[in-house]
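This report concerns only the one structure given below.
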There are 8 protein chains.
Amino acid sequence: MTNFEELGFSKVDYDREERTGFPEIVYGMSKTGEQVQKIVEKLISKHNKTLVTRISEQKATDVLASVPGGDYCAHSQTLVYGGNEPIARGYVLIACAGTSDLPVAEEAARTCKWMGCRVETLYDVGVAGIDRLLAHRALIQEASVVIVIAGMEGALASVVGGLVKRPVIAVPTSVGYGTNLEGLTPLLAMLNSCSSGMSVVNIDNGFGAAYQATLMMKLAVDGGHSN
Amino acid sequence: MTNFEELGFSKVDYDREERTGFPEIVYGMSKTGEQVQKIVEKLISKHNKTLVTRISEQKATDVLASVPGGDYCAHSQTLVYGGNEPIARGYVLIACAGTSDLPVAEEAARTCKWMGCRVETLYDVGVAGIDRLLAHRALIQEASVVIVIAGMEGALASVVGGLVKRPVIAVPTSVGYGTNLEGLTPLLAMLNSCSSGMSVVNIDNGFGAAYQATLMMKLAVDGGHSN
Amino acid sequence: MTNFEELGFSKVDYDREERTGFPEIVYGMSKTGEQVQKIVEKLISKHNKTLVTRISEQKATDVLASVPGGDYCAHSQTLVYGGNEPIARGYVLIACAGTSDLPVAEEAARTCKWMGCRVETLYDVGVAGIDRLLAHRALIQEASVVIVIAGMEGALASVVGGLVKRPVIAVPTSVGYGTNLEGLTPLLAMLNSCSSGMSVVNIDNGFGAAYQATLMMKLAVDGGHSN
Amino acid sequence: MTNFEELGFSKVDYDREERTGFPEIVYGMSKTGEQVQKIVEKLISKHNKTLVTRISEQKATDVLASVPGGDYCAHSQTLVYGGNEPIARGYVLIACAGTSDLPVAEEAARTCKWMGCRVETLYDVGVAGIDRLLAHRALIQEASVVIVIAGMEGALASVVGGLVKRPVIAVPTSVGYGTNLEGLTPLLAMLNSCSSGMSVVNIDNGFGAAYQATLMMKLAVDGGHSN
Amino acid sequence: MTNFEELGFSKVDYDREERTGFPEIVYGMSKTGEQVQKIVEKLISKHNKTLVTRISEQKATDVLASVPGGDYCAHSQTLVYGGNEPIARGYVLIACAGTSDLPVAEEAARTCKWMGCRVETLYDVGVAGIDRLLAHRALIQEASVVIVIAGMEGALASVVGGLVKRPVIAVPTSVGYGTNLEGLTPLLAMLNSCSSGMSVVNIDNGFGAAYQATLMMKLAVDGGHSN
Amino acid sequence: MTNFEELGFSKVDYDREERTGFPEIVYGMSKTGEQVQKIVEKLISKHNKTLVTRISEQKATDVLASVPGGDYCAHSQTLVYGGNEPIARGYVLIACAGTSDLPVAEEAARTCKWMGCRVETLYDVGVAGIDRLLAHRALIQEASVVIVIAGMEGALASVVGGLVKRPVIAVPTSVGYGTNLEGLTPLLAMLNSCSSGMSVVNIDNGFGAAYQATLMMKLAVDGGHSN
Amino acid sequence: MTNFEELGFSKVDYDREERTGFPEIVYGMSKTGEQVQKIVEKLISKHNKTLVTRISEQKATDVLASVPGGDYCAHSQTLVYGGNEPIARGYVLIACAGTSDLPVAEEAARTCKWMGCRVETLYDVGVAGIDRLLAHRALIQEASVVIVIAGMEGALASVVGGLVKRPVIAVPTSVGYGTNLEGLTPLLAMLNSCSSGMSVVNIDNGFGAAYQATLMMKLAVDGGHSN
Amino acid sequence: MTNFEELGFSKVDYDREERTGFPEIVYGMSKTGEQVQKIVEKLISKHNKTLVTRISEQKATDVLASVPGGDYCAHSQTLVYGGNEPIARGYVLIACAGTSDLPVAEEAARTCKWMGCRVETLYDVGVAGIDRLLAHRALIQEASVVIVIAGMEGALASVVGGLVKRPVIAVPTSVGYGTNLEGLTPLLAMLNSCSSGMSVVNIDNGFGAAYQATLMMKLAVDGGHSN
């Protein structure tokens, strides 16, 4: 009934695209370069596309040796090959509070694009200068889904959440020091937002926000019918 | 430019429906019965509908005295009056792990319904008996959005997340004891889910999950166009 | 050299006004009604003014029996008698995010007034409706000192901090549930604010913020000269 | 009465095999290479077998220089020499959620084998693809004891726990990031499992789980009689 | 394929005995008396035995009204009806550190007995008087499985763990104050025990320890063969 | 309406001086050297002054290459260029508990000076030798604002707070080990000070304390009038 | 070899006086009144003296019914009967920071006295008014042992520690609110004291401090010889 | 009145020996080698003895260059020069649980010796082999003061505490992994010990325990008289 390939250290799940809409995505952090390479080869031979997140430059070099068409971005630690069918309407807005949040924002942006979304970005709009943010109201309010990325106290998420009719996915980052607690503080803040319509993903998890945002975009183009 | 009414203890925000799609919703927990009553009267006179969450039976009695058409549910601590335009297609599935999670599930269900969604429920499907859950695969996979509610270790969210193509919103509950830490444990577990496409709201926040789920449903019926 | 009166359970510090500018203020929480009463009598006989914080209605009744001119406010759990010399210029602005934060805001307001400050208030201006806040820019920007009081995620402090030239004192409140962690979340958020010029006091400590704000006001009227 | 050898920095406990069934096992982490070597020599001369856990490649090289028959595995950071009497019936199943959990799984497997157990393994069966797990129901249900190893949210333990009649020992791993909190999250989740019959050991403690699993196996072959 | 009965608020899992060896056990804490009663009736009609844990005296009275043969113990908050087949050999030893740990010890003892085990107890043997413990070495060393229950610093578990050849299950209790942190301290201590062969369950979870201990006893009488 | 320059990775906020009294200050920690350099060039061309905090020696070398008049201090990790108008009266006292707190104290001192304040310092006056502190009562009591910097248990803040009529800003440092918890302990201690008139900033945040102190000094010279 | 009496729920340890110098002391918190009463009767019949701590007024009434010569103090929740041999020289000083710390101070004082020490007290000498404390230098410096009891930030311990040649035992109390964290904050502060010669006991554990102080006093009168 | 020397970065406290019995001791961790060297020179010229703790090998080399008679121990990271007058009677026993705790034990031993105490040691007596410990009852019971050093779960402290009539000072160490939480777990365990007469110092603070132990020894030889 189930369809996966046994590599010993991994069971590559070929049914995942059928079951969840997208092929298995590879989390590169605690796998060896060789393990990533083998999994990627299997996924490409089956699906002709793949995404690897949290992959260091050195491991990526190993993988690209055998996957020449791949595109690696050291800033966001992502490697993409091929891509999914474009989603025709709307865009995901990725807003972030400060320059230091850019690696997470780029992980989100590259994931969304590989999954088929159109992406708009709005960077360095932290609430200490609220007018920089409000100068872009239209861009914010016309997005289909908004991903808000912020470290420190994470207040940007609440302000954006109060401006829109669309779902907001908040991503806390580990940007900060001391009582930032490596991102726990913006995480907690976002979970307690006084704005409605928001949910939260793990610290620095730009990928996770992008994935869910794309599922919302696909729901939107499918019109809420099951498929 | 902005349109709100000053009650001294509160500034009722009449623009919120225009700005975010739904009128202000009243959080009843730390307001007095009299405060809730005054805000509710203002909101009904403006919008002809209202929702109050986390309102005790005693406060609700006060409110209902002056708002005769309201409907109070002590189990979920919610009071609704009127409702929003129905959303024509699809349904939100509310799945919960155990009988003890029902108050949160009911808060979510009543919020979704008041906001206009069709709701299906799947209760007591914790992973200790995985076959009870898998017996309902179709209901799960055909939902437009799934809200998963679980206390203890919150594992239900990950299992459901691996079965569907649609967004999953996970709600940790404070059901459990000892190292459940009043819901922190399922919250942390859900934030670390190995399934993609999931995001998380505050502990016991059935309302928040329902609100975001409804925004997804509205995005779906609008087809991803801005509005 | 030092001047205090020994009551056995307490050493009433008569030098404090000379040393710090204000007489000893009584923290009523874990003292008995009788203990508070005795300390208050001593302080009034010495200074002809007193302030008691965190005093329950029952203890206050005991105290007022022997201090007829006192004024008790059950909402903020404060009892004042007499007051300090008015501070001639400027005002302290007390802004709070939601109706539920009012008890803390009132503790701050009554403390400021007893200490001699002019107070302006701006209540229920949480960032979920940012325009309610921005509608009062002038009131905010003309304050000499701003006290910002907020529970949930505490984002109001950062937004206000980005608008003003004057010091901001942030007071987290225990308003919220679940991961609010009884006020730890807004506390942490405020300590990590991306806005400069802000400092933070203990959870629900409206008194502490008011005290420091008043010291700033006194510094302002003294012109920065030592005294 | 007691029988141990004084090395100054260590008292080698020769009675342990008599008392607990197995000789002292060496925890290599914060000992010097030379200390490990001396203890190992003593244990081998007494028991003709030894196990060292958490021993780095460099320290292992030192030890192997004087213990030529030892077998070091860098992946699991274990060094074994000799072994215990085989346990005749049944097997311990070691199941892990992802490829990144393999070092802990291997520590458990090598410990079980050295102690005399037969081991079966089931790797990369995380709950995001529940069918990969359910495809091995027989292997799971026929095990005498199951060790479940998982990082992230640790949900695998609860699902396996609901499938079997035999004891389950859950091992949380530090695989993950952000709110994984270096393994605290799966630890807490496992302690709150909704499945009965499960207990938990320290984070990444594959050794500890294997040790207890073996005691269960020995109890099984002894038939519950004291010995 | 699966066999459960839908009560609306609960899906009673009739397959559990077949799958896991024991029928579903009812966690009474956050269910209403009426809910417990209905579930209990179903379970008794199917299995002719039931166990309810964490059930208050008032709820128990409701349940006993319709289940006359039940036996309620207020001290341990457990209700039993009928019981499982006796396990012929060996005994589970339940040792606890202080008088205050008795309710948890009794929950464990009553669960073990209902499940079929022979139980021996050793109460008030905390390590501050180590000789009280060592006076019972034989009873400890001849047990098939030992459950150690302790609050405060939980040191009893480590001392017992160093004396036996059999598995030890440690149960931290919430007995203590201040930095006991409602049982987190003994939990953490037990997870870090320097004795091997021990695993840990949730705070105050006497039931969970008893359940796993019984699975070990059944494994012992089955001789490690799958069944 | 708003005036900022878009650099792609950053929106340089030119209105900040108008709005908050001081130009944007650059947080160097998680920006690249090149990013800092570009922002600094823009700020200098606009305001002819700049301050960069938490900038490593290597990044500073990059910046100084294109900003020759800058002054870098490796001890405090700050880079200053130009400065603000001097504040004519009074001084900020910076007191620290131990030699190890000096980097934070220097960050505070250099920030205050760049912003225009006169600064006095009092180093190594921890409370273990209370007489060293009390020997400087006059210097402490004549300050307009006091910044107290301390690690370990942070007790210096409370003692100083009890001696003065002026506001105290407490800065916890990460100096210590074990239960210092990287500065959380003095932070918590300072938030719970028994002295009134104190507020707290993030761990090691000498900059933040200096910024707020300067706002107080400016308020003092402005006499509490809005401006 | 060991000598204790089995009460079923308790093993009364008659050897403790021989072994540790004092008979077993009864922790009354989570025992029933009847259990305390039985243990107390046994201890009095054996030792003709007893101390019960953390015993509520109601339980004490039960105990006193059968132990007429006992002396109960509701303020400190202690019950004493008889007492130990006086310790001839020196005194224990019990200093506390505020009126609210008195119950803990009284528990310490009554324990010391029952154990045979002479006690001096110094109450309400918190560091916000350092001169109140320094006015008693002689009393502090002539003590043989000092117990310092403080809530809030616990700074009193460090200041006293810097003044004396004798050991200081610090007792954090749960006096405070918000980030006092029920006493964790002064506990952490005391553990990080910059003064040498100090050690710490559990939150509110006046008994524990008194017990250790008495052991020091006995060591002093014994002259450091073993006995 | 007070007597200290100003070095700019430090105020060397020459009165400390008079006030507290011992000269200032230098904490080397976050001072530069040059700073330590200057302070050490001043202290030696004044007192002809000094102790530096937590000093790395490299810094020690710098210091020894100008202080030729110093003795550095890399294992315990301590540097001693000269020493205090011997304390004539009794000994301090330093017991530790495992080989990995030796660096902390050596810091304690060297501190005690420099301060004048006689020291006995008992290493590697963790409770997993309780008989190794009990084999040394006489050595333990005849000590004047016992310092117990243990990581992991810290149970050794409670067992020793139950055996002696003398004060016990417990030192938790950061030896362990996972839920050891870098020593927080044994710290919490020791604070909750069921044995009386024990107090606790910071994690890995062998110095602090030794300092207090020596104060007890001095009290013993002084006979409890003030001096």
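Residues are referred to by chain and number: the chain letter is A, B, ... according to the order shown in the structure tokens, the number counts from 1 in that chain, and ligands are numbered separately from 1 in the order shown.
For chain E, the residues within 6 Å of chain D are Thr20, Gly21, Arg89, Gly90, Glu142, Ser144, Val164, Lys165, Arg166, Pro167, Leu191, Gly197, Ser199, Val200, Val201, Asn202, Tyr211, Gln212, Leu215, Leu219, Ala220, Val221, Gly223, Gly224, His225 and Ser226 of chain E, with only C-alpha atoms used to measure distance.
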Take the residues from that selection and put them in a file with N, CA and C atoms, as a short mmCIF file (atom, residue, chain, number, x, y, z; two decimals), in the first residue's frame.
```cif
data_model
loop_
_atom_site.label_atom_id
_atom_site.label_comp_id
_atom_site.auth_asym_id
_atom_site.auth_seq_id
_atom_site.Cartn_x
_atom_site.Cartn_y
_atom_site.Cartn_z
N THR E 20 -3.28 -4.07 23.06
CA THR E 20 -2.26 -3.71 24.05
C THR E 20 -2.30 -4.58 25.29
N GLY E 21 -3.24 -5.50 25.36
CA GLY E 21 -3.24 -6.43 26.48
C GLY E 21 -4.18 -6.05 27.62
N ARG E 89 4.02 -15.34 38.96
CA ARG E 89 5.31 -15.37 39.65
C ARG E 89 5.84 -13.98 39.95
N GLY E 90 6.65 -13.90 40.99
CA GLY E 90 7.35 -12.66 41.27
C GLY E 90 6.45 -11.60 41.87
N GLU E 142 15.03 -9.11 45.68
CA GLU E 142 14.27 -10.24 45.15
C GLU E 142 13.04 -9.82 44.33
N SER E 144 10.90 -8.52 41.22
CA SER E 144 11.08 -8.63 39.78
C SER E 144 11.21 -7.25 39.15
N VAL E 164 20.17 -3.28 42.70
CA VAL E 164 19.37 -4.37 42.12
C VAL E 164 19.81 -4.77 40.72
N LYS E 165 19.37 -5.96 40.34
CA LYS E 165 19.58 -6.49 38.99
C LYS E 165 18.35 -6.29 38.13
N ARG E 166 17.30 -5.79 38.67
CA ARG E 166 16.03 -5.73 37.97
C ARG E 166 15.70 -4.29 37.56
N PRO E 167 14.79 -4.10 36.63
CA PRO E 167 14.46 -2.75 36.19
C PRO E 167 13.83 -1.91 37.31
N LEU E 191 15.99 11.58 36.11
CA LEU E 191 16.44 11.44 34.72
C LEU E 191 17.97 11.46 34.62
N GLY E 197 19.76 1.35 34.50
CA GLY E 197 18.63 0.45 34.56
C GLY E 197 17.35 1.10 35.02
N SER E 199 14.23 4.10 34.45
CA SER E 199 13.56 5.06 33.58
C SER E 199 12.51 5.77 34.41
N VAL E 200 11.91 6.79 33.84
CA VAL E 200 11.13 7.73 34.63
C VAL E 200 9.78 7.97 33.97
N VAL E 201 8.78 8.25 34.81
CA VAL E 201 7.46 8.63 34.30
C VAL E 201 7.11 10.03 34.81
N ASN E 202 5.99 10.54 34.38
CA ASN E 202 5.56 11.91 34.73
C ASN E 202 5.40 12.07 36.26
N TYR E 211 1.59 0.54 35.35
CA TYR E 211 1.22 -0.06 34.07
C TYR E 211 2.44 -0.67 33.40
N GLN E 212 3.53 0.12 33.35
CA GLN E 212 4.72 -0.42 32.70
C GLN E 212 5.32 -1.59 33.49
N LEU E 215 3.53 -4.64 32.51
CA LEU E 215 3.95 -5.17 31.20
C LEU E 215 5.25 -5.96 31.33
N LEU E 219 5.73 -9.88 30.48
CA LEU E 219 6.82 -10.33 29.62
C LEU E 219 7.58 -11.46 30.31
N ALA E 220 7.76 -11.30 31.63
CA ALA E 220 8.50 -12.30 32.39
C ALA E 220 7.77 -13.65 32.38
N VAL E 221 6.48 -13.62 32.62
CA VAL E 221 5.77 -14.91 32.66
C VAL E 221 5.61 -15.49 31.27
N GLY E 223 7.93 -15.32 29.12
CA GLY E 223 9.25 -15.81 28.74
C GLY E 223 9.85 -15.11 27.53
N GLY E 224 9.38 -13.92 27.25
CA GLY E 224 9.98 -13.17 26.16
C GLY E 224 9.54 -13.60 24.78
N HIS E 225 8.58 -14.50 24.72
CA HIS E 225 8.01 -14.87 23.42
C HIS E 225 6.96 -13.86 23.03
N SER E 226 6.85 -13.62 21.78
CA SER E 226 5.78 -12.71 21.35
C SER E 226 4.46 -13.44 21.55
#
```
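Close contacts of Phe4 (chain B), defined as residues with an atom at most 9 Å away when counting only C-alpha atoms, with chain neighbours fewer than 4 positions off set aside, comprise Lys11, Val12, Asp13, Tyr14 and Asp15 of chain B; Arg132 of chain C.
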How would the residues just picked look written out with N, CA, C and O atoms as a compact mmCIF listing (two decimals), in the first residue's frame?
```
# COMPACT_ATOMS: atom_id res chain seq x y z
N LYS B 11 -11.99 52.04 23.88
CA LYS B 11 -12.23 52.76 22.61
C LYS B 11 -12.77 51.73 21.63
O LYS B 11 -11.99 50.96 21.06
N VAL B 12 -14.09 51.71 21.41
CA VAL B 12 -14.67 50.68 20.54
C VAL B 12 -14.31 51.01 19.10
O VAL B 12 -14.58 52.11 18.60
N ASP B 13 -13.72 50.02 18.43
CA ASP B 13 -13.07 50.22 17.12
C ASP B 13 -14.06 49.88 16.01
O ASP B 13 -14.15 48.73 15.59
N TYR B 14 -14.81 50.87 15.50
CA TYR B 14 -15.84 50.59 14.49
C TYR B 14 -15.26 50.32 13.11
O TYR B 14 -15.92 49.80 12.23
N ASP B 15 -14.02 50.69 12.90
CA ASP B 15 -13.37 50.47 11.60
C ASP B 15 -12.88 49.05 11.40
O ASP B 15 -12.43 48.70 10.32
N ARG C 132 -6.13 54.03 16.20
CA ARG C 132 -6.61 54.61 17.47
C ARG C 132 -5.46 55.29 18.21
O ARG C 132 -5.62 56.32 18.85
```
**Report entry** Selection: 10 Å around Gln35 (chain F), only C-alpha atoms, excl. self and same-chain fewer than 4 positions, as a list in words
**Finding:**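 With the cut-off at 10 Å, the set is Thr99 of chain A; Leu7, Phe9, Ser10, Gly28, Ser30, Lys31, Ile39, Val40, Lys59 and Val63 of chain F.
Atom to atom, CA of Val119 (chain F) and CA of Gly151 (chain F) stand 21.2 Å apart.
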Surrounding residues of Thr53 (chain H) excluding itself and chain neighbours under 3 positions, 8 Å, only C-alpha atoms, as a compact mmCIF listing (two decimals) with N, CA and C atoms, in the first residue's frame:
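What landed in part_34.txt:
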```
# COMPACT_ATOMS: atom_id res chain seq x y z
N ILE H 25 40.12 37.92 47.59
CA ILE H 25 40.55 36.82 46.72
C ILE H 25 40.17 37.20 45.30
N VAL H 26 41.00 36.88 44.33
CA VAL H 26 40.81 37.39 42.97
C VAL H 26 40.08 36.35 42.12
N TYR H 27 38.99 36.79 41.52
CA TYR H 27 38.23 35.97 40.59
C TYR H 27 38.79 36.26 39.19
N GLY H 28 39.48 35.27 38.61
CA GLY H 28 40.25 35.56 37.41
C GLY H 28 39.50 35.49 36.10
N MET H 29 38.27 34.98 36.14
CA MET H 29 37.61 34.58 34.89
C MET H 29 37.51 35.69 33.85
N GLN H 77 42.49 25.26 38.03
CA GLN H 77 42.50 26.65 37.59
C GLN H 77 42.69 27.63 38.75
N THR H 78 43.58 27.24 39.68
CA THR H 78 43.85 28.11 40.83
C THR H 78 45.33 28.44 40.91
N LEU H 79 45.61 29.62 41.43
CA LEU H 79 46.99 30.05 41.67
C LEU H 79 47.07 30.51 43.12
N GLU H 107 39.63 22.52 43.38
CA GLU H 107 39.49 23.94 43.69
C GLU H 107 39.15 24.12 45.17
N PHE H 207 35.31 26.81 45.35
CA PHE H 207 35.88 27.88 46.15
C PHE H 207 34.92 28.35 47.25
```
